[in-house]
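coords.txt (compact mmCIF, N, CA, C and O atoms)
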# COMPACT_ATOMS: atom_id res chain seq x y z
N MET D 1 -64.21 55.17 -5.77
CA MET D 1 -64.39 55.39 -4.35
C MET D 1 -63.06 55.08 -3.64
O MET D 1 -62.49 54.03 -3.81
N LYS D 2 -62.61 56.05 -2.86
CA LYS D 2 -61.38 55.87 -2.09
C LYS D 2 -61.73 55.42 -0.68
O LYS D 2 -62.80 55.69 -0.17
N VAL D 3 -60.79 54.73 -0.08
CA VAL D 3 -60.94 54.31 1.30
C VAL D 3 -60.01 55.20 2.13
O VAL D 3 -58.83 55.31 1.85
N ASN D 4 -60.56 55.84 3.13
CA ASN D 4 -59.80 56.75 3.97
C ASN D 4 -59.43 56.02 5.26
O ASN D 4 -60.30 55.62 6.02
N TYR D 5 -58.12 55.88 5.49
CA TYR D 5 -57.62 55.17 6.66
C TYR D 5 -57.08 56.12 7.73
O TYR D 5 -56.32 55.71 8.61
N ASP D 6 -57.48 57.40 7.69
CA ASP D 6 -56.97 58.37 8.65
C ASP D 6 -57.22 57.95 10.10
O ASP D 6 -56.39 58.20 10.98
N LYS D 7 -58.35 57.31 10.34
CA LYS D 7 -58.66 56.85 11.70
C LYS D 7 -57.63 55.82 12.17
O LYS D 7 -57.25 55.80 13.34
N LEU D 8 -57.19 54.97 11.26
CA LEU D 8 -56.17 53.97 11.61
C LEU D 8 -54.85 54.64 11.94
O LEU D 8 -54.20 54.30 12.93
N TRP D 9 -54.44 55.62 11.14
CA TRP D 9 -53.16 56.29 11.38
C TRP D 9 -53.20 57.02 12.72
O TRP D 9 -52.22 57.03 13.45
N LYS D 10 -54.34 57.63 13.05
CA LYS D 10 -54.48 58.31 14.34
C LYS D 10 -54.42 57.29 15.49
O LYS D 10 -53.79 57.53 16.51
N LEU D 11 -55.06 56.13 15.28
CA LEU D 11 -55.05 55.09 16.30
C LEU D 11 -53.63 54.60 16.55
O LEU D 11 -53.24 54.37 17.70
N LEU D 12 -52.85 54.45 15.49
CA LEU D 12 -51.45 54.05 15.65
C LEU D 12 -50.69 55.06 16.50
O LEU D 12 -49.91 54.69 17.39
N ILE D 13 -50.92 56.34 16.23
CA ILE D 13 -50.25 57.39 17.01
C ILE D 13 -50.70 57.33 18.47
O ILE D 13 -49.87 57.39 19.38
N ASP D 14 -52.00 57.21 18.69
CA ASP D 14 -52.53 57.16 20.05
C ASP D 14 -51.97 55.97 20.84
O ASP D 14 -51.73 56.08 22.04
N LYS D 15 -51.77 54.85 20.16
CA LYS D 15 -51.24 53.64 20.81
C LYS D 15 -49.72 53.61 20.82
O LYS D 15 -49.11 52.64 21.28
N LYS D 16 -49.10 54.67 20.25
CA LYS D 16 -47.64 54.76 20.16
C LYS D 16 -47.04 53.54 19.45
O LYS D 16 -46.03 52.98 19.87
N MET D 17 -47.70 53.16 18.37
CA MET D 17 -47.25 52.03 17.55
C MET D 17 -46.70 52.53 16.23
O MET D 17 -47.16 53.54 15.71
N LYS D 18 -45.74 51.80 15.72
CA LYS D 18 -45.22 52.07 14.38
C LYS D 18 -45.94 51.16 13.40
O LYS D 18 -46.52 50.14 13.78
N LYS D 19 -45.87 51.52 12.13
CA LYS D 19 -46.50 50.69 11.11
C LYS D 19 -45.89 49.29 11.09
O LYS D 19 -46.60 48.32 10.87
N THR D 20 -44.59 49.20 11.35
CA THR D 20 -43.95 47.89 11.37
C THR D 20 -44.46 47.04 12.53
O THR D 20 -44.54 45.82 12.42
N ASP D 21 -44.81 47.70 13.64
CA ASP D 21 -45.42 46.97 14.77
C ASP D 21 -46.75 46.37 14.36
O ASP D 21 -47.05 45.22 14.68
N LEU D 22 -47.54 47.16 13.62
CA LEU D 22 -48.84 46.68 13.17
C LEU D 22 -48.69 45.50 12.21
O LEU D 22 -49.43 44.53 12.30
N ILE D 23 -47.71 45.58 11.32
CA ILE D 23 -47.47 44.48 10.38
C ILE D 23 -47.22 43.18 11.14
O ILE D 23 -47.78 42.14 10.82
N GLY D 24 -46.39 43.26 12.18
CA GLY D 24 -46.06 42.06 12.96
C GLY D 24 -47.23 41.55 13.79
O GLY D 24 -47.52 40.35 13.78
N GLN D 25 -47.91 42.45 14.47
CA GLN D 25 -48.99 42.03 15.37
C GLN D 25 -50.22 41.54 14.61
O GLN D 25 -50.89 40.61 15.06
N ALA D 26 -50.51 42.17 13.46
CA ALA D 26 -51.69 41.77 12.70
C ALA D 26 -51.38 40.68 11.68
O ALA D 26 -52.29 40.14 11.05
N ASN D 27 -50.11 40.37 11.52
CA ASN D 27 -49.69 39.37 10.55
C ASN D 27 -50.19 39.72 9.14
O ASN D 27 -50.80 38.91 8.46
N ILE D 28 -49.93 40.97 8.75
CA ILE D 28 -50.25 41.43 7.41
C ILE D 28 -48.95 41.77 6.69
O ILE D 28 -47.91 41.96 7.33
N SER D 29 -49.00 41.88 5.39
CA SER D 29 -47.78 42.18 4.63
C SER D 29 -47.56 43.68 4.54
O SER D 29 -48.48 44.48 4.72
N SER D 30 -46.33 44.06 4.23
CA SER D 30 -46.03 45.47 4.04
C SER D 30 -46.77 46.02 2.82
O SER D 30 -47.08 47.21 2.76
N ASN D 31 -47.07 45.14 1.86
CA ASN D 31 -47.83 45.56 0.69
C ASN D 31 -49.24 46.02 1.08
O ASN D 31 -49.77 46.96 0.49
N VAL D 32 -49.85 45.35 2.04
CA VAL D 32 -51.18 45.74 2.51
C VAL D 32 -51.10 47.15 3.10
O VAL D 32 -51.92 48.01 2.77
N LEU D 33 -50.10 47.40 3.92
CA LEU D 33 -49.96 48.72 4.52
C LEU D 33 -49.65 49.78 3.47
O LEU D 33 -50.14 50.91 3.56
N ALA D 34 -48.88 49.42 2.46
CA ALA D 34 -48.58 50.36 1.38
C ALA D 34 -49.85 50.73 0.62
O ALA D 34 -50.06 51.90 0.28
N ARG D 35 -50.70 49.74 0.35
CA ARG D 35 -51.97 50.01 -0.33
C ARG D 35 -52.85 50.93 0.52
O ARG D 35 -53.50 51.84 0.00
N MET D 36 -52.84 50.71 1.81
CA MET D 36 -53.62 51.56 2.71
C MET D 36 -53.08 52.98 2.70
O MET D 36 -53.84 53.94 2.75
N GLY D 37 -51.77 53.12 2.61
CA GLY D 37 -51.16 54.44 2.55
C GLY D 37 -51.55 55.21 1.29
O GLY D 37 -51.55 56.44 1.29
N ARG D 38 -51.87 54.47 0.24
CA ARG D 38 -52.32 55.09 -1.02
C ARG D 38 -53.84 55.20 -1.10
O ARG D 38 -54.38 55.50 -2.14
N GLU D 39 -54.51 54.94 0.02
CA GLU D 39 -55.97 54.99 0.12
C GLU D 39 -56.64 54.03 -0.86
O GLU D 39 -57.68 54.33 -1.42
N GLU D 40 -56.04 52.86 -1.00
CA GLU D 40 -56.59 51.82 -1.86
C GLU D 40 -57.27 50.76 -0.99
O GLU D 40 -56.91 50.58 0.17
N PRO D 41 -58.24 50.05 -1.57
CA PRO D 41 -58.90 49.00 -0.78
C PRO D 41 -57.96 47.82 -0.53
O PRO D 41 -57.06 47.53 -1.33
N VAL D 42 -58.17 47.16 0.59
CA VAL D 42 -57.45 45.93 0.93
C VAL D 42 -58.49 44.87 1.29
O VAL D 42 -59.66 45.17 1.46
N SER D 43 -58.05 43.65 1.46
CA SER D 43 -58.98 42.56 1.72
C SER D 43 -59.66 42.71 3.09
O SER D 43 -59.08 43.28 4.02
N LEU D 44 -60.85 42.19 3.16
CA LEU D 44 -61.58 42.21 4.42
C LEU D 44 -60.85 41.39 5.47
O LEU D 44 -60.89 41.70 6.66
N GLU D 45 -60.15 40.37 5.05
CA GLU D 45 -59.36 39.55 5.97
C GLU D 45 -58.28 40.40 6.65
O GLU D 45 -58.09 40.33 7.88
N SER D 46 -57.61 41.26 5.88
CA SER D 46 -56.58 42.13 6.45
C SER D 46 -57.19 43.14 7.41
O SER D 46 -56.65 43.39 8.49
N ILE D 47 -58.34 43.70 7.03
CA ILE D 47 -59.04 44.64 7.91
C ILE D 47 -59.43 43.94 9.22
O ILE D 47 -59.28 44.50 10.30
N GLY D 48 -59.91 42.72 9.10
CA GLY D 48 -60.30 41.95 10.28
C GLY D 48 -59.12 41.70 11.22
O GLY D 48 -59.27 41.78 12.44
N LYS D 49 -57.96 41.42 10.66
CA LYS D 49 -56.76 41.20 11.48
C LYS D 49 -56.38 42.47 12.24
O LYS D 49 -56.01 42.41 13.41
N ILE D 50 -56.49 43.60 11.56
CA ILE D 50 -56.16 44.87 12.20
C ILE D 50 -57.16 45.17 13.31
O ILE D 50 -56.77 45.59 14.41
N CYS D 51 -58.43 44.93 13.04
CA CYS D 51 -59.46 45.15 14.06
C CYS D 51 -59.23 44.25 15.28
O CYS D 51 -59.47 44.66 16.41
N SER D 52 -58.74 43.05 15.05
CA SER D 52 -58.46 42.14 16.16
C SER D 52 -57.34 42.68 17.04
O SER D 52 -57.41 42.57 18.27
N VAL D 53 -56.33 43.27 16.43
CA VAL D 53 -55.22 43.83 17.19
C VAL D 53 -55.70 44.95 18.09
O VAL D 53 -55.34 45.03 19.27
N PHE D 54 -56.55 45.82 17.56
CA PHE D 54 -57.02 46.98 18.31
C PHE D 54 -58.32 46.73 19.06
O PHE D 54 -58.80 47.62 19.77
N GLU D 55 -58.88 45.53 18.89
CA GLU D 55 -60.17 45.19 19.50
C GLU D 55 -61.20 46.29 19.20
O GLU D 55 -61.79 46.88 20.10
N CYS D 56 -61.37 46.55 17.90
CA CYS D 56 -62.26 47.62 17.46
C CYS D 56 -63.14 47.14 16.31
O CYS D 56 -62.99 46.03 15.83
N LYS D 57 -64.02 48.02 15.87
CA LYS D 57 -64.88 47.73 14.73
C LYS D 57 -64.28 48.35 13.47
O LYS D 57 -63.41 49.24 13.57
N ILE D 58 -64.75 47.91 12.32
CA ILE D 58 -64.22 48.40 11.06
C ILE D 58 -64.32 49.92 10.95
O ILE D 58 -63.37 50.58 10.53
N ASP D 59 -65.45 50.48 11.36
CA ASP D 59 -65.61 51.93 11.21
C ASP D 59 -64.75 52.72 12.18
O ASP D 59 -64.70 53.95 12.11
N ASP D 60 -64.02 52.04 13.06
CA ASP D 60 -63.06 52.71 13.93
C ASP D 60 -61.72 52.94 13.23
O ASP D 60 -60.89 53.71 13.73
N ILE D 61 -61.50 52.28 12.08
CA ILE D 61 -60.22 52.42 11.40
C ILE D 61 -60.32 52.92 9.97
O ILE D 61 -59.32 53.31 9.39
N LEU D 62 -61.51 52.91 9.39
CA LEU D 62 -61.61 53.39 8.01
C LEU D 62 -62.98 53.99 7.74
O LEU D 62 -63.92 53.79 8.48
N GLU D 63 -63.03 54.74 6.65
CA GLU D 63 -64.29 55.25 6.13
C GLU D 63 -64.14 55.41 4.63
O GLU D 63 -63.02 55.49 4.11
N PHE D 64 -65.23 55.44 3.93
CA PHE D 64 -65.21 55.57 2.49
C PHE D 64 -65.40 57.02 2.10
O PHE D 64 -66.25 57.72 2.65
N ASP D 65 -64.57 57.48 1.16
CA ASP D 65 -64.74 58.82 0.59
C ASP D 65 -65.51 58.64 -0.70
O ASP D 65 -64.96 58.20 -1.72
N VAL D 66 -66.77 58.97 -0.66
CA VAL D 66 -67.64 58.81 -1.82
C VAL D 66 -67.67 60.11 -2.59
O VAL D 66 -68.01 61.16 -2.04
N GLU D 67 -67.30 60.04 -3.86
CA GLU D 67 -67.34 61.22 -4.72
C GLU D 67 -68.71 61.32 -5.37
O GLU D 67 -69.34 60.30 -5.68
N ASP D 68 -69.15 62.56 -5.59
CA ASP D 68 -70.43 62.71 -6.29
C ASP D 68 -70.21 62.54 -7.80
O ASP D 68 -69.10 62.30 -8.26
N GLU D 69 -71.24 62.67 -8.58
CA GLU D 69 -71.15 62.41 -10.01
C GLU D 69 -70.24 63.38 -10.73
O GLU D 69 -69.74 63.08 -11.82
N ASP D 70 -69.99 64.57 -10.17
CA ASP D 70 -69.11 65.55 -10.79
C ASP D 70 -67.63 65.28 -10.46
O ASP D 70 -66.76 66.01 -10.89
N GLY D 71 -67.38 64.23 -9.67
CA GLY D 71 -66.01 63.88 -9.29
C GLY D 71 -65.51 64.67 -8.11
O GLY D 71 -64.31 64.75 -7.85
N GLN D 72 -66.40 65.30 -7.37
CA GLN D 72 -66.00 66.08 -6.21
C GLN D 72 -66.39 65.40 -4.94
O GLN D 72 -67.33 64.71 -4.84
Here is the file; what I need is its structure written in the form of structure tokens.
Amino acid sequence: MKVNYDKLWKLLIDKKMKKTDLIGQANISSNVLARMGREEPVSLESIGKICSVFECKIDDILEFDVEDEDGQ
């Protein structure tokens, strides 16, 4: 199961923020952002920090891409 962070990337654009701005404001590492860029899961603590910055809920920044049994 992949984690889709497209909502987060759109939110960054809407807020005119750079990824480096998010790293500083959310106090997360660049490795966390790199994992997100590869659609990999990150810790709930990191997600919580990002949600605090944007004052949003988890489903405002990510969604799960669930594949069916055939891998599609």
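You will find CA of Asp65 (chain D) at 27.9 Å from atom C of Gly24 (chain D).
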**Prompt:** Could you write out, as a PyMOL selection string, all the residues of chain D that DSSP marks as strand (DSSP E)?
**Reply:** chain D and resi 2-4+63-65
**Request:** Determine, counting only C-alpha atoms, which protein, DNA and RNA residues have an atom within 12 Å of an atom of region 41-49 of chain D; residues of the same chain fewer than 4 positions away are not included. Present the result as number ranges by chain.
**Result:** D: 1-5, 8, 22-37, 53-65
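In this structure, atom C of Lys15 (chain D) sits 13.5 Å away from atom C of Ile50 (chain D).
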**Message:** Going by DSSP on the backbone, which residues of chain D come out as alpha helix (DSSP H)? List them as JSON, numbers by chain.
**Reply:** {"D": [6, 7, 8, 9, 10, 11, 12, 13, 14, 19, 20, 21, 22, 23, 24, 25, 26, 30, 31, 32, 33, 34, 35, 36, 37, 44, 45, 46, 47, 48, 49, 50, 51, 52, 53, 54]}
**Complete:** A straight line from atom N of Asp21 (chain D) to atom O of Arg38 (chain D) spans 20.0 Å
Would you compute an axis-aligned box for region 9-22 of chain D, covering every atom listed for it in the file with 6 Å of margin on each side, and report centre and edge lengths in Å to one decimal as lines of an AutoDock Vina configuration file?
center_x = -49.5
center_y = 51.4
center_z = 16.5
size_x = 23.1
size_y = 25.8
size_z = 23.2
Can you patch up region 7-18 of chain D, filling it in to all heavy atoms, and show the result as a compact mmCIF listing (two decimals), in the coordinates of the input?
# COMPACT_ATOMS: atom_id res chain seq x y z
N LYS D 7 -58.35 57.31 10.34
CA LYS D 7 -58.66 56.85 11.70
C LYS D 7 -57.63 55.82 12.17
O LYS D 7 -57.25 55.80 13.34
CB LYS D 7 -60.06 56.25 11.77
CG LYS D 7 -61.17 57.27 11.60
CD LYS D 7 -62.52 56.57 11.68
CE LYS D 7 -63.68 57.51 11.56
NZ LYS D 7 -64.97 56.80 11.66
N LEU D 8 -57.19 54.97 11.26
CA LEU D 8 -56.17 53.97 11.61
C LEU D 8 -54.85 54.64 11.94
O LEU D 8 -54.20 54.30 12.93
CB LEU D 8 -55.98 52.97 10.47
CG LEU D 8 -54.82 51.98 10.64
CD1 LEU D 8 -55.00 51.13 11.89
CD2 LEU D 8 -54.67 51.12 9.41
N TRP D 9 -54.44 55.62 11.14
CA TRP D 9 -53.16 56.29 11.38
C TRP D 9 -53.20 57.02 12.72
O TRP D 9 -52.22 57.03 13.45
CB TRP D 9 -52.82 57.25 10.24
CG TRP D 9 -52.91 56.66 8.87
CD1 TRP D 9 -53.45 57.25 7.77
CD2 TRP D 9 -52.46 55.37 8.41
NE1 TRP D 9 -53.38 56.41 6.68
CE2 TRP D 9 -52.77 55.26 7.05
CE3 TRP D 9 -51.84 54.30 9.03
CZ2 TRP D 9 -52.48 54.12 6.30
CZ3 TRP D 9 -51.55 53.16 8.29
CH2 TRP D 9 -51.86 53.08 6.94
N LYS D 10 -54.34 57.63 13.05
CA LYS D 10 -54.48 58.31 14.34
C LYS D 10 -54.42 57.29 15.49
O LYS D 10 -53.79 57.53 16.51
CB LYS D 10 -55.78 59.09 14.40
CG LYS D 10 -55.93 59.87 15.69
CD LYS D 10 -57.15 60.72 15.73
CE LYS D 10 -57.32 61.52 16.98
NZ LYS D 10 -56.69 61.09 18.19
N LEU D 11 -55.06 56.13 15.28
CA LEU D 11 -55.05 55.09 16.30
C LEU D 11 -53.63 54.60 16.55
O LEU D 11 -53.24 54.37 17.70
CB LEU D 11 -55.96 53.94 15.86
CG LEU D 11 -56.29 52.86 16.88
CD1 LEU D 11 -56.94 53.44 18.12
CD2 LEU D 11 -57.21 51.82 16.24
N LEU D 12 -52.85 54.45 15.49
CA LEU D 12 -51.45 54.05 15.65
C LEU D 12 -50.69 55.06 16.50
O LEU D 12 -49.91 54.69 17.39
CB LEU D 12 -50.76 53.90 14.29
CG LEU D 12 -51.07 52.64 13.50
CD1 LEU D 12 -50.46 52.73 12.11
CD2 LEU D 12 -50.58 51.40 14.20
N ILE D 13 -50.92 56.34 16.23
CA ILE D 13 -50.25 57.39 17.01
C ILE D 13 -50.70 57.33 18.47
O ILE D 13 -49.87 57.39 19.38
CB ILE D 13 -50.54 58.78 16.40
CG1 ILE D 13 -49.85 58.90 15.05
CG2 ILE D 13 -50.09 59.89 17.35
CD1 ILE D 13 -50.29 60.09 14.22
N ASP D 14 -52.00 57.21 18.69
CA ASP D 14 -52.53 57.16 20.05
C ASP D 14 -51.97 55.97 20.84
O ASP D 14 -51.73 56.08 22.04
CB ASP D 14 -54.06 57.09 20.04
CG ASP D 14 -54.71 58.37 19.55
OD1 ASP D 14 -54.02 59.41 19.46
OD2 ASP D 14 -55.91 58.33 19.21
N LYS D 15 -51.77 54.85 20.16
CA LYS D 15 -51.24 53.64 20.81
C LYS D 15 -49.72 53.61 20.82
O LYS D 15 -49.11 52.64 21.28
CB LYS D 15 -51.76 52.38 20.10
CG LYS D 15 -53.27 52.24 20.10
CD LYS D 15 -53.78 51.82 21.44
CE LYS D 15 -55.28 51.54 21.34
NZ LYS D 15 -55.83 51.11 22.60
N LYS D 16 -49.10 54.67 20.25
CA LYS D 16 -47.64 54.76 20.16
C LYS D 16 -47.04 53.54 19.45
O LYS D 16 -46.03 52.98 19.87
CB LYS D 16 -47.02 54.96 21.54
CG LYS D 16 -47.46 56.25 22.16
CD LYS D 16 -46.80 56.50 23.49
CE LYS D 16 -47.23 57.91 23.85
NZ LYS D 16 -47.37 58.24 25.14
N MET D 17 -47.70 53.16 18.37
CA MET D 17 -47.25 52.03 17.55
C MET D 17 -46.70 52.53 16.23
O MET D 17 -47.16 53.54 15.71
CB MET D 17 -48.42 51.07 17.25
CG MET D 17 -48.87 50.25 18.40
SD MET D 17 -50.26 49.18 17.94
CE MET D 17 -49.49 48.06 16.79
N LYS D 18 -45.74 51.80 15.72
CA LYS D 18 -45.22 52.07 14.38
C LYS D 18 -45.94 51.16 13.40
O LYS D 18 -46.52 50.14 13.78
CB LYS D 18 -43.72 51.80 14.33
CG LYS D 18 -42.92 52.70 15.24
CD LYS D 18 -41.45 52.36 15.17
CE LYS D 18 -40.67 53.24 16.13
NZ LYS D 18 -39.26 52.88 16.18
